[in-house]
Amino acid sequence: NNHDQACIASIEAIIVDLPTIREHRLAMTTMSRQTLVIVRLRCDDGIEGVGEATTIGGLSYGEQSPESIKLALDRYISPLVIGMSAASANAVLAKVDQSVQGNSLAKSALETALLDAQGKRLGVPVHALLGGAVRNSLPVLWTLASGDSARDIDEARQLLDVRRHKVFKLKIGKRSPRADIEHVAAIKSALGDLVEITVDLNQAWSEAVAARHIPDLQAAGVMLVEQPIAKENRRGLARLAQRFIVPIMADEAVSTPADMFDYACEGAAGIVALKIAKSGGPLGVMRTAAVADAAGVGCYGGTMLEGTIGSIASAHAFAACRTMEWGTELFGPLLLKDDIVVERAAVADFELAVPMAPGLGVAIDEDKLAFYRRDQ
Ligand code: MUC
Ligand code: MG
């Protein structure tokens with residue numbers, strides 16, 4: 001039928017720089033802006049799909065930069081797929097995987113754009129293309145990362161008052177373990193039982209330091225400890241997960257379905273942070289989630305601090321995952337002062353609603369895109 005005949009006509013990758021509402025401090029970098037790579041995939045039936053990829057702090061978080069994402073798409077990926085049927089994201093990504101190693105961020109933006117286009121073509125939301133939503137909205141936590149305990153406490157109180165967030169993730173690992181633990185304990189005791197607190201070390205500790213200080217985090221009442229040690233030390237992460245009661249969450253250590261499988265074989269326990277960016281898109285993240293489910297590892301909906309397009313793409317996938325018992329952190333759009341879409345993602349009553357409109361359910365604001373794109 002006609003739906004199978006639409007072909008990919010062009011792919012444009014646009015770098016966009018957006019200011020954040022405040023500085024965002026992580027163990028490896030401090031952000032005052034976020035860079036999005038927006039993919040516009042045009043098909044010869046006139047339908048356009050959009051996708052987005054982000055990383056954090058240039059090359060400080062991962063091995064792909066915004067500029068390398070654009071280069072991979074322009075120079076290597078687009079020539080492979082232009083002219084292919086736009087109806088099968090599976091077939092397009094299989095072709096790309098044959099000739100392009102890694103580059104999960106570029107692949108994620110492309111896969112998202114294909115699913116958006118196909119959803120619009122068929123008149124169904126992206127989650128319907130993923131087998132259907134198990135939930136209509138997702139709980140979203142907020143990350144307190146101003147670098148200042150008092151300011152973080154104020155920020156949390158305000159967000160709790162307006163019923164936007166009741167789970168808060170603290171980015172630690174930049175200061176000494178003692179200073180970090182004081183910071184965590186101060187925030188948890190100021191906010192009390194109305195909130196849950198999680199911490200993300202972003203690999204800052206050695207296994208020995210983690211073994212020594214996780215009991216302090218546990219005593220401070222944290223709900224989970226994310227990626228305390230180097231991503232390469234997956235066995236160490238499994239050992240920590242088996243040793244402590246507070247759940248240990250793998251983030252940087254697990255990207256692809258194969259990583260998840262290896263981690264399971266290495267004795268994985270606890271939780272994994274799923275991200276479309278790490279797994280190469282919404283379909284990729286569903287495959288990673290399936291391996292986690294099979295291994296009995298809990299799923300959490302992670303972010304690479306995407307704007308609205310990437311966060312909503314993630315929301316469609318997380319809505320379709322069988323289990324997502326640890327909630328999500330799809331707050332990226334709320335960290336940005338502005339975005340390049342008509343309607344920005346919003347969180348109300350602690351949850352993000354999953355769009356029901358065809359495709360992603362997100363439209364580009366052409367004026368804002370023209371204003372914020374780097375090349376104009
Ligand atoms: C990460 O490592 O989890 C998610 C939230 C945040 O503040 O940073 C990201 C990346
Ligand atoms: Mg993390």
# chains A, B, ... in the order shown; residues from 1 in each chain; ligands from 1

$ closest_atom_pairs --of "chain A" --to "ligand 2" --cutoff "7 Å" --atoms "only C-alpha atoms and all ligand atoms" --output "CSV"
residue,atom,partner,partner_atom_place_in_ligand_line,distance
A:Asp200,CA,ligand 2,1 (Mg),5.6
A:Asn202,CA,ligand 2,1 (Mg),5.7
A:Glu226,CA,ligand 2,1 (Mg),6.1
A:Gln227,CA,ligand 2,1 (Mg),6.4
A:Asp251,CA,ligand 2,1 (Mg),5.2
A:Glu252,CA,ligand 2,1 (Mg),6.7

$ closest_atom_pairs --of "range 270-348 of chain A" --to "range 87-90 of chain A" --cutoff "12 Å" --atoms "only C-alpha atoms" --output "tab-separated table"
residue	atom	partner	partner_atom	distance
A:Gly280	CA	A:Asn90	CA	11.5
A:Gly281	CA	A:Ala89	CA	10.0
A:Pro282	CA	A:Ala89	CA	10.3
A:Leu283	CA	A:Asn90	CA	8.1
A:Gly284	CA	A:Asn90	CA	9.7

$ write_last_selection --atoms "N, CA, C and O atoms" --output "PDB file, in the first residue's frame"
ATOM      1  N   GLY A 280      20.261   3.917  21.248  1.00  0.00           N
ATOM      2  CA  GLY A 280      20.074   4.154  19.813  1.00  0.00           C
ATOM      3  C   GLY A 280      18.632   4.396  19.417  1.00  0.00           C
ATOM      4  O   GLY A 280      18.258   4.135  18.275  1.00  0.00           O
ATOM      5  N   GLY A 281      17.805   4.865  20.350  1.00  0.00           N
ATOM      6  CA  GLY A 281      16.440   5.257  19.986  1.00  0.00           C
ATOM      7  C   GLY A 281      15.377   4.534  20.782  1.00  0.00           C
ATOM      8  O   GLY A 281      15.676   3.670  21.613  1.00  0.00           O
ATOM      9  N   PRO A 282      14.118   4.899  20.535  1.00  0.00           N
ATOM     10  CA  PRO A 282      13.005   4.283  21.269  1.00  0.00           C
ATOM     11  C   PRO A 282      12.926   2.763  21.088  1.00  0.00           C
ATOM     12  O   PRO A 282      12.677   2.041  22.069  1.00  0.00           O
ATOM     13  N   LEU A 283      13.150   2.264  19.882  1.00  0.00           N
ATOM     14  CA  LEU A 283      13.118   0.804  19.689  1.00  0.00           C
ATOM     15  C   LEU A 283      14.285   0.148  20.403  1.00  0.00           C
ATOM     16  O   LEU A 283      14.132  -0.915  21.018  1.00  0.00           O
ATOM     17  N   GLY A 284      15.460   0.789  20.330  1.00  0.00           N
ATOM     18  CA  GLY A 284      16.644   0.263  21.011  1.00  0.00           C
ATOM     19  C   GLY A 284      16.439   0.202  22.514  1.00  0.00           C
ATOM     20  O   GLY A 284      16.848  -0.762  23.181  1.00  0.00           O
TER      21      GLY A 284
END

$ closest_atom_pairs --of "chain A" --to "ligand 1" --cutoff "6 Å" --atoms "only C-alpha atoms and all ligand atoms" --output "CSV"
residue,atom,partner,partner_atom_place_in_ligand_line,distance
A:Thr143,CA,ligand 1,7 (O),5.2
A:Asn202,CA,ligand 1,2 (O),5.7
A:Thr303,CA,ligand 1,4 (C),5.0
A:Met304,CA,ligand 1,9 (C),5.3
A:Leu305,CA,ligand 1,9 (C),5.7

$ write_last_selection --atoms "N, CA and C atoms" --output "compact mmCIF listing (two decimals), in the first residue's frame"
# COMPACT_ATOMS: atom_id res chain seq x y z
N THR A 143 16.32 17.26 39.31
CA THR A 143 17.69 17.20 39.81
C THR A 143 18.09 18.53 40.44
N ASN A 202 27.89 9.90 39.12
CA ASN A 202 28.51 9.98 37.78
C ASN A 202 29.94 9.45 37.79
N THR A 303 17.47 10.29 31.37
CA THR A 303 17.54 11.40 30.40
C THR A 303 18.98 11.74 30.08
N MET A 304 19.21 12.26 28.90
CA MET A 304 20.48 12.88 28.55
C MET A 304 20.27 14.39 28.53
N LEU A 305 19.29 14.84 29.32
CA LEU A 305 18.90 16.25 29.39
C LEU A 305 18.48 16.77 28.02

$ select_by_dssp --residues "range 224-367 of chain A" --states "strand (DSSP E or B)" --output "PyMOL selection string"
chain A and resi 224-226+229+248-250+271-274+298-301+328+336+341+347-348+351-353+359+364

$ write_last_selection --atoms "N, CA, C and O atoms" --output "short mmCIF file (atom, residue, chain, number, x, y, z; two decimals), in the first residue's frame"
data_model
loop_
_atom_site.label_atom_id
_atom_site.label_comp_id
_atom_site.auth_asym_id
_atom_site.auth_seq_id
_atom_site.Cartn_x
_atom_site.Cartn_y
_atom_site.Cartn_z
N LEU A 224 18.04 5.58 46.21
CA LEU A 224 18.92 4.78 45.35
C LEU A 224 20.22 5.54 45.09
O LEU A 224 20.27 6.77 45.21
N VAL A 225 21.26 4.79 44.74
CA VAL A 225 22.58 5.36 44.45
C VAL A 225 22.92 5.03 43.00
O VAL A 225 23.03 3.86 42.62
N GLU A 226 23.08 6.08 42.20
CA GLU A 226 23.31 5.90 40.76
C GLU A 226 24.79 5.99 40.40
O GLU A 226 25.48 6.90 40.83
N ILE A 229 30.57 4.25 40.64
CA ILE A 229 31.96 3.95 40.23
C ILE A 229 32.10 3.95 38.71
O ILE A 229 31.11 4.06 37.99
N ILE A 248 21.39 -0.02 43.89
CA ILE A 248 22.42 0.61 43.06
C ILE A 248 21.89 0.66 41.63
O ILE A 248 21.40 -0.35 41.11
N MET A 249 21.99 1.83 41.00
CA MET A 249 21.52 1.97 39.63
C MET A 249 22.69 2.14 38.67
O MET A 249 23.55 2.99 38.88
N ALA A 250 22.70 1.33 37.63
CA ALA A 250 23.69 1.48 36.56
C ALA A 250 23.21 2.53 35.58
O ALA A 250 22.06 2.48 35.14
N ILE A 271 19.00 -1.71 39.65
CA ILE A 271 18.23 -0.92 38.70
C ILE A 271 19.13 -0.50 37.54
O ILE A 271 20.34 -0.37 37.70
N VAL A 272 18.51 -0.26 36.38
CA VAL A 272 19.25 0.31 35.26
C VAL A 272 18.52 1.56 34.77
O VAL A 272 17.29 1.59 34.69
N ALA A 273 19.31 2.61 34.46
CA ALA A 273 18.76 3.83 33.86
C ALA A 273 18.74 3.63 32.35
O ALA A 273 19.79 3.50 31.72
N LEU A 274 17.53 3.58 31.80
CA LEU A 274 17.37 3.43 30.35
C LEU A 274 17.36 4.82 29.72
O LEU A 274 16.78 5.75 30.27
N GLY A 298 15.48 -3.75 37.75
CA GLY A 298 14.42 -2.74 37.68
C GLY A 298 14.73 -1.65 36.67
O GLY A 298 15.89 -1.26 36.49
N CYS A 299 13.69 -1.15 36.00
CA CYS A 299 13.88 -0.12 34.97
C CYS A 299 13.55 1.27 35.51
O CYS A 299 12.61 1.46 36.28
N TYR A 300 14.33 2.25 35.02
CA TYR A 300 14.20 3.66 35.39
C TYR A 300 14.33 4.44 34.08
O TYR A 300 15.17 4.10 33.24
N GLY A 301 13.48 5.44 33.91
CA GLY A 301 13.48 6.21 32.66
C GLY A 301 14.44 7.37 32.72
O GLY A 301 14.14 8.42 33.27
N THR A 328 10.83 8.18 36.38
CA THR A 328 11.66 8.76 35.32
C THR A 328 12.24 10.10 35.76
O THR A 328 11.83 10.69 36.76
N LEU A 336 15.59 24.08 30.69
CA LEU A 336 15.90 25.04 29.62
C LEU A 336 15.06 26.29 29.76
O LEU A 336 13.87 26.23 30.11
N VAL A 341 10.14 24.30 20.12
CA VAL A 341 8.87 23.66 19.78
C VAL A 341 7.70 24.59 20.09
O VAL A 341 7.84 25.53 20.88
N VAL A 347 5.17 19.39 33.25
CA VAL A 347 4.90 18.40 34.29
C VAL A 347 3.87 19.00 35.24
O VAL A 347 4.04 20.13 35.71
N ALA A 348 2.79 18.28 35.51
CA ALA A 348 1.76 18.74 36.43
C ALA A 348 1.35 17.57 37.31
O ALA A 348 1.29 16.43 36.84
N GLU A 351 3.55 14.55 37.26
CA GLU A 351 3.65 13.62 36.12
C GLU A 351 3.70 14.36 34.79
O GLU A 351 3.19 15.47 34.64
N LEU A 352 4.32 13.68 33.83
CA LEU A 352 4.37 14.15 32.44
C LEU A 352 3.36 13.32 31.65
O LEU A 352 3.42 12.08 31.67
N ALA A 353 2.42 14.00 30.98
CA ALA A 353 1.42 13.27 30.19
C ALA A 353 2.06 12.81 28.88
O ALA A 353 2.83 13.54 28.26
N GLY A 359 2.23 10.56 15.75
CA GLY A 359 3.68 10.76 15.84
C GLY A 359 4.08 11.07 17.26
O GLY A 359 3.51 10.56 18.22
N ILE A 364 7.74 21.70 15.63
CA ILE A 364 8.83 22.69 15.69
C ILE A 364 8.26 24.10 15.54
O ILE A 364 7.35 24.34 14.75
#

$ atom_distance --atom1 "CA of Arg239 in chain A" --atom2 "CA of Ala295 in chain A"
15.8 Å

$ closest_atom_pairs --of "range 125-210 of chain A" --to "range 18-33 of chain A" --cutoff "7 Å" --atoms "only C-alpha atoms" --output "Markdown table"
| residue | atom | partner | partner_atom | distance |
| --- | --- | --- | --- | --- |
| A:Ala145 | CA | A:Arg25 | CA | 5.1 |
| A:Ser146 | CA | A:His24 | CA | 5.7 |
| A:Gly147 | CA | A:Arg25 | CA | 6.1 |
| A:Lys171 | CA | A:Leu26 | CA | 5.6 |
| A:Ile172 | CA | A:Ala27 | CA | 6.2 |
| A:Gly173 | CA | A:Ala27 | CA | 5.1 |
| A:Lys174 | CA | A:Ala27 | CA | 4.5 |
| A:Leu201 | CA | A:Ala27 | CA | 6.8 |
| A:Asn202 | CA | A:Ala27 | CA | 6.2 |
| A:Ala204 | CA | A:Ala27 | CA | 6.7 |

$ select_by_dssp --residues "range 198-316 of chain A" --states "helix (DSSP H, G or I)" --output "ChimeraX atom specification"
/A:207-219,234-243,257-265,276-279,282-295,308-316

$ residues_around --residues "range 368-375 of chain A" --least-positions-apart "2" --cutoff "6 Å" --atoms "only C-alpha atoms" --output "list in words"
Ile15, Val16, Asp17, Ile340, Asp365 and Glu366 of chain A

$ residues_around --residues "Ser189 in chain A" --least-positions-apart "5" --cutoff "9 Å" --atoms "only C-alpha atoms" --output "PyMOL selection string"
chain A and resi 184+220-221
